[in-house]
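work.cif (mmCIF, C-alpha atoms) appears below.
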data_my_file
loop_
_atom_site.label_atom_id
_atom_site.label_comp_id
_atom_site.auth_asym_id
_atom_site.auth_seq_id
_atom_site.Cartn_x
_atom_site.Cartn_y
_atom_site.Cartn_z
CA GLN A 28 188.21 131.61 95.44
CA VAL A 29 189.42 133.74 98.31
CA GLN A 30 192.00 132.21 100.59
CA LEU A 31 194.09 133.70 103.38
CA VAL A 32 197.13 131.83 104.71
CA GLU A 33 198.90 132.93 107.86
CA SER A 34 202.49 131.97 108.63
CA GLY A 35 205.38 133.03 110.82
CA GLY A 36 204.10 131.93 114.20
CA GLY A 37 206.24 130.04 116.67
CA LEU A 38 207.86 130.04 120.08
CA VAL A 39 209.61 133.20 121.22
CA ARG A 40 211.00 134.43 124.54
CA PRO A 41 209.48 137.42 126.33
CA GLY A 42 210.88 140.61 124.86
CA GLY A 43 211.48 138.98 121.51
CA SER A 44 209.98 139.70 118.10
CA LEU A 45 208.10 137.85 115.40
CA ARG A 46 206.73 138.80 112.02
CA LEU A 47 203.52 137.17 110.91
CA SER A 48 202.50 137.01 107.27
CA CYS A 49 199.06 136.77 105.73
CA THR A 50 199.29 135.78 102.08
CA THR A 51 196.12 136.37 100.11
CA TYR A 52 194.79 134.45 97.13
CA GLY A 53 191.91 135.45 94.92
CA VAL A 54 191.76 138.86 96.59
CA ASN A 55 191.98 142.30 95.12
CA LEU A 56 193.83 144.14 97.85
CA GLU A 57 192.90 147.47 96.37
CA TYR A 58 190.37 149.21 98.58
CA SER A 59 190.33 146.52 101.26
CA ARG A 60 190.83 146.46 104.99
CA ILE A 61 192.89 143.71 106.55
CA GLY A 62 192.52 142.79 110.17
CA TRP A 63 194.54 140.73 112.59
CA PHE A 64 192.75 138.98 115.43
CA ARG A 65 193.91 136.58 118.10
CA GLN A 66 192.45 134.02 120.44
CA ALA A 67 194.25 133.11 123.61
CA PRO A 68 193.59 129.78 125.37
CA GLY A 69 190.28 129.91 127.19
CA LYS A 70 189.44 133.38 125.91
CA GLU A 71 187.32 134.88 123.17
CA ARG A 72 188.86 136.07 119.96
CA GLU A 73 189.84 139.74 120.03
CA GLY A 74 190.95 142.31 117.51
CA VAL A 75 194.62 143.21 117.24
CA SER A 76 194.87 145.61 114.31
CA CYS A 77 193.21 146.90 111.19
CA ILE A 78 194.98 148.43 108.20
CA SER A 79 193.44 149.99 105.08
CA SER A 80 195.08 148.93 101.83
CA HIS A 81 194.58 152.19 99.96
CA ASP A 82 195.82 154.34 102.83
CA GLU A 83 197.96 152.60 105.41
CA GLU A 84 197.72 155.70 107.59
CA VAL A 85 194.12 154.66 108.24
CA SER A 86 194.92 151.93 110.75
CA PHE A 87 193.93 151.02 114.27
CA TYR A 88 195.51 148.93 116.99
CA ALA A 89 194.21 147.43 120.20
CA ASP A 90 195.43 149.29 123.28
CA THR A 91 197.21 146.14 124.47
CA VAL A 92 199.52 146.10 121.43
CA LYS A 93 199.77 149.78 120.51
CA GLY A 94 203.38 150.84 120.09
CA ARG A 95 204.60 147.23 119.92
CA PHE A 96 202.77 145.77 116.91
CA PHE A 97 202.78 147.23 113.41
CA SER A 98 200.92 146.09 110.32
CA SER A 99 202.00 146.70 106.73
CA ILE A 100 201.08 145.62 103.21
CA ASP A 101 203.21 144.42 100.31
CA ASP A 102 200.90 144.81 97.33
CA SER A 103 203.30 143.09 94.93
CA ARG A 104 203.33 139.95 97.08
CA LYS A 105 199.67 140.25 98.07
CA THR A 106 200.84 139.81 101.62
CA VAL A 107 200.02 141.61 104.84
CA TYR A 108 202.48 141.58 107.73
CA LEU A 109 202.15 141.96 111.46
CA GLU A 110 205.44 142.92 113.07
CA MET A 111 205.29 142.08 116.77
CA ASN A 112 207.94 143.48 119.12
CA ASN A 113 208.59 143.31 122.85
CA LEU A 114 206.38 140.26 123.08
CA LYS A 115 204.79 139.36 126.40
CA SER A 116 203.38 136.11 127.73
CA GLU A 117 199.89 137.56 127.37
CA ASP A 118 200.45 137.80 123.61
CA THR A 119 200.33 134.00 123.44
CA ALA A 120 197.45 133.12 121.12
CA ILE A 121 196.45 131.86 117.72
CA TYR A 122 196.63 134.78 115.32
CA TYR A 123 194.20 135.12 112.43
CA CYS A 124 194.02 137.50 109.52
CA ALA A 125 190.76 138.60 107.95
CA ILE A 126 189.84 140.73 104.97
CA GLU A 127 186.88 142.84 103.99
CA SER A 128 186.22 145.53 101.43
CA GLY A 129 186.37 149.16 102.43
CA PHE A 130 188.54 150.93 104.95
CA CYS A 131 189.12 150.62 108.67
CA ARG A 132 186.74 152.48 110.93
CA PRO A 133 187.20 153.38 114.60
CA ILE A 134 185.03 150.39 115.56
CA TRP A 135 186.72 147.77 113.43
CA ASP A 136 186.87 144.62 115.48
CA VAL A 137 183.31 143.33 115.15
CA GLU A 138 183.90 139.81 113.89
CA HIS A 139 180.71 139.32 111.91
CA GLU A 140 181.65 142.33 109.76
CA TRP A 141 184.63 140.42 108.34
CA THR A 142 183.89 138.02 105.50
CA TYR A 143 187.08 136.06 104.87
CA TRP A 144 189.34 134.50 107.48
CA GLY A 145 192.51 132.48 107.54
CA ARG A 146 193.01 129.39 109.69
CA GLY A 147 195.47 131.01 112.03
CA THR A 148 199.07 130.62 113.13
CA PRO A 149 200.05 129.95 116.76
CA VAL A 150 202.30 132.26 118.73
CA THR A 151 203.72 131.19 122.08
CA VAL A 152 205.65 133.63 124.24
CA SER A 153 207.47 131.77 126.98
CA SER A 154 210.88 131.53 128.60
#
Give the structure from this file in structure tokens form.
Amino acid sequence: QVQLVESGGGLVRPGGSLRLSCTTYGVNLEYSRIGWFRQAPGKEREGVSCISSHDEEVSFYADTVKGRFFSSIDDSRKTVYLEMNNLKSEDTAIYYCAIESGFCRPIWDVEHEWTYWGRGTPVTVSS
């Protein structure tokens, strides 16, 4: 049974950093793509990043987080990370990870193309 569990969310001041984790169970990370999405209060869920497990160079980031957020994979721990730096109030949201077979494509943030989702971890950026 596939299960994704996010952790690492919390309260952080503007300009601060957080690292989110997505631990996978029942998943073969080989030849998979792992996405991070977020949903801010009152807004629709949006894509944050996509990373390909077999070639981490094949990755994409939303323009709003490019240069501040970085995703990586620890195959031995079956965990995917989202390092978030220089956080802004507009980054406040519930963050979800998702996994699908294959590799990231330029249009990667179509939600119905992702099969498995975690339940999310909340991130609040506030002074």
>> Here is a test: counting all atoms listed in the file, which residue of A:Ser153, A:Ser48, A:Ser59, A:Asn113 is nearest to Ser98 in chain A?
In response: A:Ser48
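Distances to Ser34 in chain A were evaluated for A:Val137, A:Tyr143, A:Cys124, A:Arg65 using all atoms listed in the file, and the minimum falls at A:Cys124.
Picked out by the PyMOL selection byres ((chain A and resi 71-74) around 10) when it runs on this file: Gly62, Trp63, Phe64, Arg65, Gln66, Ala67, Pro68, Gly69, Lys70, Val75, Ser76, Cys77, Phe87, Tyr88, Ala89, Ala120, Ile121, Tyr122, Tyr123, Cys124, Trp135, Asp136, Val137 and Glu138 of chain A.
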Please report, as AutoDock Vina command-line options, the centre and edge lengths in Å to one decimal of an axis-aligned box covering all listed atoms of range 135-147 of chain A with 5 Å per side.
--center_x 188.1 --center_y 138.6 --center_z 110.2 --size_x 24.8 --size_y 28.4 --size_z 20.6
>> Please report the interatomic distance between CA of Ser44 in chain A and CA of Ser99 in chain A in Å with one decimal.
In response: 15.6 Å
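Here CA of Arg46 in chain A is placed at a distance of 9.4 Å from CA of Phe96 in chain A.
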Determine, counting only C-alpha atoms, which protein, DNA and RNA residues have an atom within 6 Å of an atom of range 55-58 of chain A; residues of the same chain fewer than 6 positions away are not included. Present the result as a tab-separated table (two decimals) with C-alpha atoms, in the frame of the given file.
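As written to disk, out.tsv reads:
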chain	number	residue	atom	x	y	z
A	80	SER	CA	195.08	148.93	101.83
A	81	HIS	CA	194.58	152.19	99.96
A	129	GLY	CA	186.37	149.16	102.43
>> Please expand the PyMOL selection byres ((chain A and resi 114) around 9) into the concrete residues it hits in this file, giving the result as a PyMOL selection string.
In response: chain A and resi 39-45+95+111-113+115-119+152
> So what does the PyMOL selection byres ((chain A and resi 37) around 6) actually pick up in this one, as a PyMOL selection string?
Replying inline: chain A and resi 36+38+150
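Note that CA of Arg104 in chain A and CA of Asp82 in chain A are 17.2 Å apart.
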